[in-house]
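*Asks:* Got target16.txt for you, compact mmCIF, C-alpha atoms:
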# COMPACT_ATOMS: atom_id res chain seq x y z
CA MET A 178 -19.39 5.77 7.87
CA GLU A 179 -16.11 4.18 8.88
CA ASP A 180 -17.82 1.20 10.55
CA LYS A 181 -19.11 0.12 7.12
CA ILE A 182 -15.78 0.38 5.34
CA ARG A 183 -13.58 -2.71 5.35
CA VAL A 184 -9.82 -2.26 5.01
CA PHE A 185 -7.83 -4.83 3.05
CA VAL A 186 -4.09 -4.87 3.67
CA LEU A 187 -2.11 -6.72 1.00
CA ALA A 188 0.69 -8.48 2.85
CA GLY A 189 1.33 -11.53 0.69
CA GLY A 190 4.05 -10.36 -1.70
CA LYS A 191 7.28 -12.23 -2.34
CA GLY A 192 9.48 -9.38 -1.13
CA GLU A 193 12.04 -9.85 -3.90
CA ARG A 194 13.34 -6.27 -3.62
CA LEU A 195 14.23 -6.85 0.04
CA PHE A 196 15.98 -10.17 -0.50
CA PRO A 197 17.79 -11.69 1.43
CA PHE A 198 15.99 -10.10 4.43
CA SER A 199 12.60 -11.27 3.13
CA SER A 200 13.88 -14.84 2.94
CA VAL A 201 14.06 -14.83 6.75
CA ILE A 202 10.97 -12.79 7.63
CA PRO A 203 7.92 -11.85 5.51
CA LYS A 204 8.46 -8.46 3.89
CA CYS A 205 5.53 -6.77 5.61
CA LEU A 206 6.73 -7.98 9.03
CA ILE A 207 10.17 -6.41 8.62
CA PRO A 208 10.52 -3.91 11.50
CA VAL A 209 10.34 -0.16 11.02
CA ALA A 210 11.47 1.69 14.15
CA GLY A 211 11.16 -1.56 16.09
CA LYS A 212 7.62 -2.41 14.94
CA PRO A 213 6.59 -4.58 11.95
CA CYS A 214 5.72 -2.41 8.97
CA VAL A 215 2.24 -3.88 8.61
CA ARG A 216 1.62 -3.34 12.32
CA TRP A 217 2.01 0.42 11.79
CA ILE A 218 -0.61 0.18 9.03
CA VAL A 219 -3.14 -1.82 11.04
CA GLU A 220 -2.76 0.35 14.15
CA ASP A 221 -3.14 3.49 12.04
CA ALA A 222 -6.42 2.20 10.59
CA ILE A 223 -7.72 1.32 14.06
CA GLN A 224 -6.73 4.73 15.45
CA GLN A 225 -8.71 6.35 12.64
CA GLY A 226 -11.79 4.33 13.61
CA PHE A 227 -11.62 1.69 10.87
CA ASN A 228 -11.77 -1.55 12.82
CA ASP A 229 -12.87 -4.02 10.14
CA ILE A 230 -9.47 -5.09 8.82
CA VAL A 231 -8.55 -8.03 6.60
CA LEU A 232 -4.92 -9.06 6.20
CA CYS A 233 -4.33 -10.78 2.86
CA ILE A 234 -1.43 -13.17 3.43
CA ASN A 235 0.22 -16.35 2.12
CA LYS A 236 -0.27 -19.77 3.66
CA LYS A 237 3.43 -20.25 4.39
CA ASP A 238 3.51 -17.05 6.48
CA GLU A 239 0.16 -17.51 8.22
CA SER A 240 1.54 -18.54 11.61
CA ASN A 241 3.86 -15.51 11.72
CA PHE A 242 1.04 -13.06 11.01
CA ARG A 243 -1.42 -14.71 13.38
CA TYR A 244 1.15 -14.56 16.15
CA GLU A 245 1.97 -10.88 15.49
CA PHE A 246 -1.72 -9.91 15.56
CA ARG A 247 -2.83 -12.25 18.32
CA ASP A 248 -3.82 -9.24 20.44
CA LEU A 249 -5.95 -7.53 17.78
CA ASP A 250 -9.30 -8.41 16.24
CA VAL A 251 -8.33 -8.71 12.58
CA LYS A 252 -9.49 -11.09 9.86
CA PHE A 253 -7.23 -13.11 7.58
CA SER A 254 -7.61 -14.01 3.93
CA VAL A 255 -5.08 -16.76 3.26
CA ASN A 256 -3.86 -17.44 -0.26
CA CYS A 257 -1.95 -20.61 -1.12
CA GLU A 258 1.04 -18.81 -2.61
CA PRO A 259 2.17 -15.33 -3.70
CA THR A 260 0.77 -14.91 -7.22
CA GLY A 261 0.16 -11.15 -7.42
CA THR A 262 -1.85 -8.33 -5.88
CA VAL A 263 -4.97 -9.17 -7.89
CA ASP A 264 -5.03 -12.71 -6.56
CA GLU A 265 -4.83 -11.48 -2.98
CA LEU A 266 -8.13 -9.64 -3.41
CA LEU A 267 -9.68 -12.39 -5.54
CA CYS A 268 -8.99 -14.77 -2.64
CA ALA A 269 -10.79 -12.38 -0.26
CA GLN A 270 -13.68 -12.06 -2.71
CA GLY A 271 -13.95 -15.84 -2.83
CA GLN A 272 -14.48 -15.83 0.92
CA GLY A 273 -17.33 -13.34 0.62
CA LEU A 274 -15.34 -10.52 2.20
CA ILE A 275 -15.87 -7.90 -0.52
CA THR A 276 -19.46 -6.71 -0.36
CA ASP A 277 -19.33 -2.90 -0.20
CA THR A 278 -17.03 0.08 -0.64
CA PHE A 279 -13.60 -0.89 0.65
CA ILE A 280 -10.15 0.53 1.28
CA LEU A 281 -7.04 -1.08 -0.13
CA ARG A 282 -3.61 -0.65 1.46
CA TYR A 283 -0.36 -2.19 0.36
CA GLY A 284 1.28 -3.76 3.38
CA ASP A 285 4.70 -2.29 2.60
CA ASP A 286 3.62 1.32 1.97
CA LEU A 287 3.66 3.65 4.97
CA THR A 288 1.73 6.91 4.89
CA ASP A 289 -0.48 9.05 7.14
CA VAL A 290 -3.40 9.57 4.75
CA SER A 291 -6.77 10.31 6.36
CA PHE A 292 -9.19 7.49 5.61
CA ASN A 293 -12.23 9.59 6.54
CA ASP A 294 -11.27 12.43 4.22
CA MET A 295 -10.43 9.98 1.45
CA VAL A 296 -13.72 8.08 1.73
CA SER A 297 -15.77 11.30 1.96
CA PHE A 298 -14.09 12.55 -1.22
CA HIS A 299 -14.72 9.20 -2.92
CA LYS A 300 -18.41 9.25 -2.04
CA ALA A 301 -18.84 12.89 -3.06
CA LYS A 302 -17.34 12.14 -6.48
CA LYS A 303 -19.43 8.97 -6.86
CA ALA A 304 -16.16 7.34 -7.83
CA VAL A 305 -15.54 3.71 -8.66
CA ALA A 306 -11.91 4.14 -7.62
CA THR A 307 -10.07 6.88 -5.73
CA LEU A 308 -6.27 6.96 -5.79
CA PRO A 309 -4.43 9.15 -3.26
CA PHE A 310 -1.20 10.70 -4.49
CA THR A 311 1.70 12.75 -3.21
CA MET A 312 4.12 15.12 -4.91
CA GLY A 313 7.85 15.50 -4.54
CA LEU A 314 8.88 11.85 -4.44
CA GLN A 315 12.66 11.53 -4.32
CA LEU A 316 13.97 9.12 -6.92
CA PRO A 317 16.50 6.54 -5.68
CA VAL A 318 18.83 7.00 -8.67
CA GLY A 319 20.92 9.69 -10.34
CA ILE A 320 19.59 11.20 -13.58
CA LEU A 321 21.75 12.06 -16.60
CA LYS A 322 21.14 14.79 -19.17
CA ILE A 323 22.52 13.43 -22.45
CA SER A 324 23.14 15.18 -25.78
CA LYS A 325 22.26 13.68 -29.17
CA ASN A 326 25.85 12.46 -29.61
CA GLY A 327 25.86 10.77 -26.20
CA ALA A 328 27.84 13.38 -24.25
CA VAL A 329 26.77 13.85 -20.64
CA GLN A 330 25.65 17.45 -20.22
CA GLY A 331 24.36 17.27 -16.68
CA PHE A 332 23.84 15.02 -13.68
CA ILE A 333 21.39 15.23 -10.77
CA GLU A 334 21.77 12.83 -7.87
CA LYS A 335 18.43 11.47 -6.61
CA PRO A 336 16.23 14.30 -7.89
CA THR A 337 12.71 15.04 -6.73
CA LEU A 338 9.98 13.88 -9.08
CA GLU A 339 7.43 16.69 -9.41
CA LYS A 340 4.64 14.45 -10.64
CA PRO A 341 1.67 12.85 -8.83
CA SER A 342 2.83 9.54 -7.37
CA TRP A 343 0.32 6.93 -6.19
CA ILE A 344 0.95 5.92 -2.57
CA GLY A 345 -0.37 2.35 -2.52
CA VAL A 346 -3.75 3.24 -0.99
CA ALA A 347 -7.13 3.24 -2.73
CA VAL A 348 -10.86 3.33 -2.18
CA PHE A 349 -12.71 0.89 -4.43
CA GLU A 350 -16.29 -0.02 -5.15
CA PRO A 351 -16.99 -3.78 -5.49
CA LYS A 352 -17.57 -3.11 -9.19
CA VAL A 353 -13.80 -2.96 -9.74
CA MET A 354 -13.56 -6.70 -9.13
CA LYS A 355 -14.88 -7.42 -12.61
CA TYR A 356 -11.63 -5.95 -13.93
CA PHE A 357 -9.50 -8.34 -11.87
CA GLU A 358 -7.84 -11.20 -13.75
CA PRO A 359 -5.90 -13.98 -11.97
CA GLY A 360 -2.15 -13.52 -12.00
CA LYS A 361 -2.34 -9.79 -12.79
CA ASP A 362 -1.27 -6.69 -10.88
CA ILE A 363 -3.54 -3.93 -9.58
CA ALA A 364 -1.24 -1.06 -10.53
CA SER A 365 -0.11 -2.24 -13.96
CA ASN A 366 -3.30 -4.00 -15.06
CA VAL A 367 -6.46 -3.14 -13.11
CA ILE A 368 -6.08 0.64 -12.94
CA PRO A 369 -5.31 0.97 -16.69
CA ARG A 370 -8.33 -1.24 -17.45
CA LEU A 371 -10.56 0.99 -15.31
CA LEU A 372 -9.33 4.03 -17.23
CA SER A 373 -9.78 2.34 -20.61
CA ALA A 374 -13.35 1.48 -19.63
CA LYS A 375 -14.01 5.15 -18.74
CA GLU A 376 -14.89 4.29 -15.17
CA ARG A 377 -15.04 7.11 -12.61
CA VAL A 378 -11.46 7.13 -11.30
CA TYR A 379 -10.41 10.13 -9.21
CA SER A 380 -7.20 11.32 -7.60
CA PHE A 381 -6.99 12.46 -3.99
CA ALA A 382 -4.16 14.83 -3.06
CA THR A 383 -2.17 14.35 0.13
CA GLN A 384 0.99 16.04 1.34
CA ASN A 385 1.80 13.39 3.92
CA HIS A 386 4.98 11.34 4.08
CA TRP A 387 5.03 8.17 2.01
CA TYR A 388 7.55 5.35 2.06
CA ASP A 389 7.63 2.20 -0.07
CA VAL A 390 9.23 -0.10 2.49
CA GLY A 391 9.68 -2.76 -0.19
CA ASN A 392 12.56 -0.60 -1.37
CA LEU A 393 15.67 -0.84 0.84
CA GLU A 394 16.51 2.86 0.68
CA HIS A 395 12.92 3.84 1.45
CA TRP A 396 12.95 1.36 4.34
CA ARG A 397 15.94 3.20 5.81
CA ARG A 398 14.16 6.55 5.43
CA ALA A 399 10.99 5.14 6.98
CA ASP A 400 12.96 3.71 9.90
CA GLU A 401 14.53 7.12 10.55
CA TYR A 402 11.22 8.98 10.18
CA PHE A 403 9.21 6.70 12.47
CA SER A 404 12.02 6.48 15.02
CA GLU A 405 12.00 10.27 15.22
CA LYS A 406 8.20 10.26 15.41
CA ILE A 407 8.40 7.93 18.41
CA ARG A 408 10.95 10.16 20.11
CA GLN A 409 8.90 13.30 19.56
CA ASN A 410 5.51 11.88 20.51
CA GLY A 411 6.45 9.26 23.07
CA LEU A 412 4.81 6.54 20.98
CA SER A 413 5.45 2.85 21.46
Let me see the structure of the file written as C-alpha cells.
*Replies:*
Amino acid sequence: MEDKIRVFVLAGGKGERLFPFSSVIPKCLIPVAGKPCVRWIVEDAIQQGFNDIVLCINKKDESNFRYEFRDLDVKFSVNCEPTGTVDELLCAQGQGLITDTFILRYGDDLTDVSFNDMVSFHKAKKAVATLPFTMGLQLPVGILKISKNGAVQGFIEKPTLEKPSWIGVAVFEPKVMKYFEPGKDIASNVIPRLLSAKERVYSFATQNHWYDVGNLEHWRRADEYFSEKIRQNGLS
C-alpha cells in the first residue's frame, strides 16, 4: 500500500513567525536537535516505508533544499514564490504529480503519526480527507477569566487546550483539488469548503507528540524533545 502513496511536504512558506531567523535560512531548514526540521519529516516517512516524497519549495530556496537532500531520492516541486499552501499543491498538480491518494505534511510540523495506520483508516472510511488530531495542546499564552464589569477573576498561564487540534498532516484523495483556489490556505479555506460540500472528512486520533516549529516556543520544545530522543535512542 505504502508504495502507491506519495507524500507531499509543504516547505515553501515565508516563515514570518520565525523572523529574523527565517530571513537567513528557510524556515523548514531551521535545525531541530542539530538536524533541519524538514529532514526529520522526510527521514520519518522513509523509515515508515513511504519513499515517494515530493518537497514543495520556493525557487529562491531551491539550491539550499537540493543540497540538503543531495543524498536522498526525493522529488521537488518548485514554485516561483511563496503564495500560500494551496499554491504549493497546485504547482505540484500542474506537474502531474497528484494522481492518486496522497499524504500531506506541513514542513514545519513535527509528529510521530503512523502513516500506515492513518492510510488504512482513511481507506476503510472511504474518506475524501482524513485529518489526524491530538489532544492536550498547550497554549503559548496566559488566559484571563473576566467578569462582566471587566474585573479579572482568574488567570491560567499557558493552559492545556482539551480540544482536538489538527497536527498539519492529512490524507487526501485527488478529488480535493477541485476545492483549491489560487492564493488560498488549506486550513482556513479548503477544509471548510470540503465540510460545506458534505464531503467525507474524517478525524484520526493520535496521542503522539506534535510541535509547530513555525512557532518559536514550540521550536524550543521540539529541540529539547528531539535532543532527548537522540540521547535515549542513540540516533543521529
*Asks:* Between A:Asn293, A:Ser240, A:Gln270, A:Gln315, single out the one closest to Phe185 in chain A, counting all atoms listed in the file.
*Replies:*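 Of the candidates, the smallest distance to Phe185 in chain A is held by A:Gln270.
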*Asks:* Looking at all atoms listed in the file, which of A:Ala269, A:Ile230, A:Ala306, A:Ala382 is the one that sits closest to Trp343 in chain A?
*Replies:*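 Comparing A:Ala269, A:Ile230, A:Ala306, A:Ala382 against Trp343 in chain A, the winner is A:Ala382.
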*Asks:* To one decimal place, how far is CA of Ile218 in chain A from CA of Arg247 in chain A in Å?
*Replies:* 15.7 Å
*Asks:* Name all residues at most 7 Å from Phe357 in chain A (count all atoms listed in the file; drop same-chain ones fewer than 2 positions away) and give them as number ranges by chain.
*Replies:* A: 263, 354-355, 359, 367
*Asks:* As an exercise, work out the distance from CA of Tyr388 in chain A to CA of Met295 in chain A in Å and give it to one decimal place.
*Replies:* 18.6 Å
*Asks:* If we count only C-alpha atoms, what is near Leu232 in chain A at a cut-off of 9 Å, once residues fewer than 6 positions away on the same chain are taken out, given as a list of chain:residue names?
*Replies:*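 That gives A:Val184, A:Phe185, A:Val186, A:Leu187, A:Ala188, A:Gly189, A:Val219, A:Phe242, A:Val251, A:Lys252, A:Phe253, A:Ser254, A:Val255, A:Gly284.
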*Asks:* Closest to Val290 in chain A among A:Pro317, A:Pro369, A:Gly360, A:Gly345, using only C-alpha atoms?
*Replies:*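 That would be A:Gly345, the residue with the smallest distance to Val290 in chain A.
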*Asks:* Pick out the residues sitting within 12 Å of Arg370 in chain A, and hand them over as a ChimeraX atom specification; count all atoms listed in the file, and ignore anything fewer than 6 positions along from it in its own chain.
*Replies:* /A:306,353-358,361-364,376-378
*Asks:* How many Å lie between CA of Val305 in chain A and CA of Thr262 in chain A, rounded to one decimal?
*Replies:*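 Answer for the CA of Val305 in chain A to CA of Thr262 in chain A separation: 18.4 Å.
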*Asks:* Taking 3 positions as the minimum chain separation for residues in the same chain, which residues sit within 10 Å of Val296 in chain A when counting only C-alpha atoms? Answer as an NGL selection string.
*Replies:* :A and (178-179 or 182 or 278-280 or 291-293 or 299-302 or 304 or 307 or 347-349 or 381)
*Asks:* Tell me, as an MDAnalysis selection string, which residues lie within 6 Å of Gly319 in chain A, counting all atoms listed in the file; anything in the same chain fewer than 6 positions away does not count.
*Replies:* chainID A and resid 333:335
*Asks:* Using all atoms listed in the file, find the one residue out of A:Asp286, A:Leu249, A:Leu308, A:Pro351 that sits nearest to Asn228 in chain A.
*Replies:* A:Leu249
*Asks:* Between A:Tyr283, A:Trp396, A:Tyr244, A:Phe227, which is the closest to Gly261 in chain A once you count all atoms listed in the file?
*Replies:*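 Smallest separation from Gly261 in chain A among the options: A:Tyr283.
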*Asks:* Tell me which of A:Ser404, A:Thr337, A:Gln225, A:Asn256 sits closest to Leu316 in chain A, counting only C-alpha atoms.
*Replies:*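 Smallest distance to Leu316 in chain A is found for A:Thr337.
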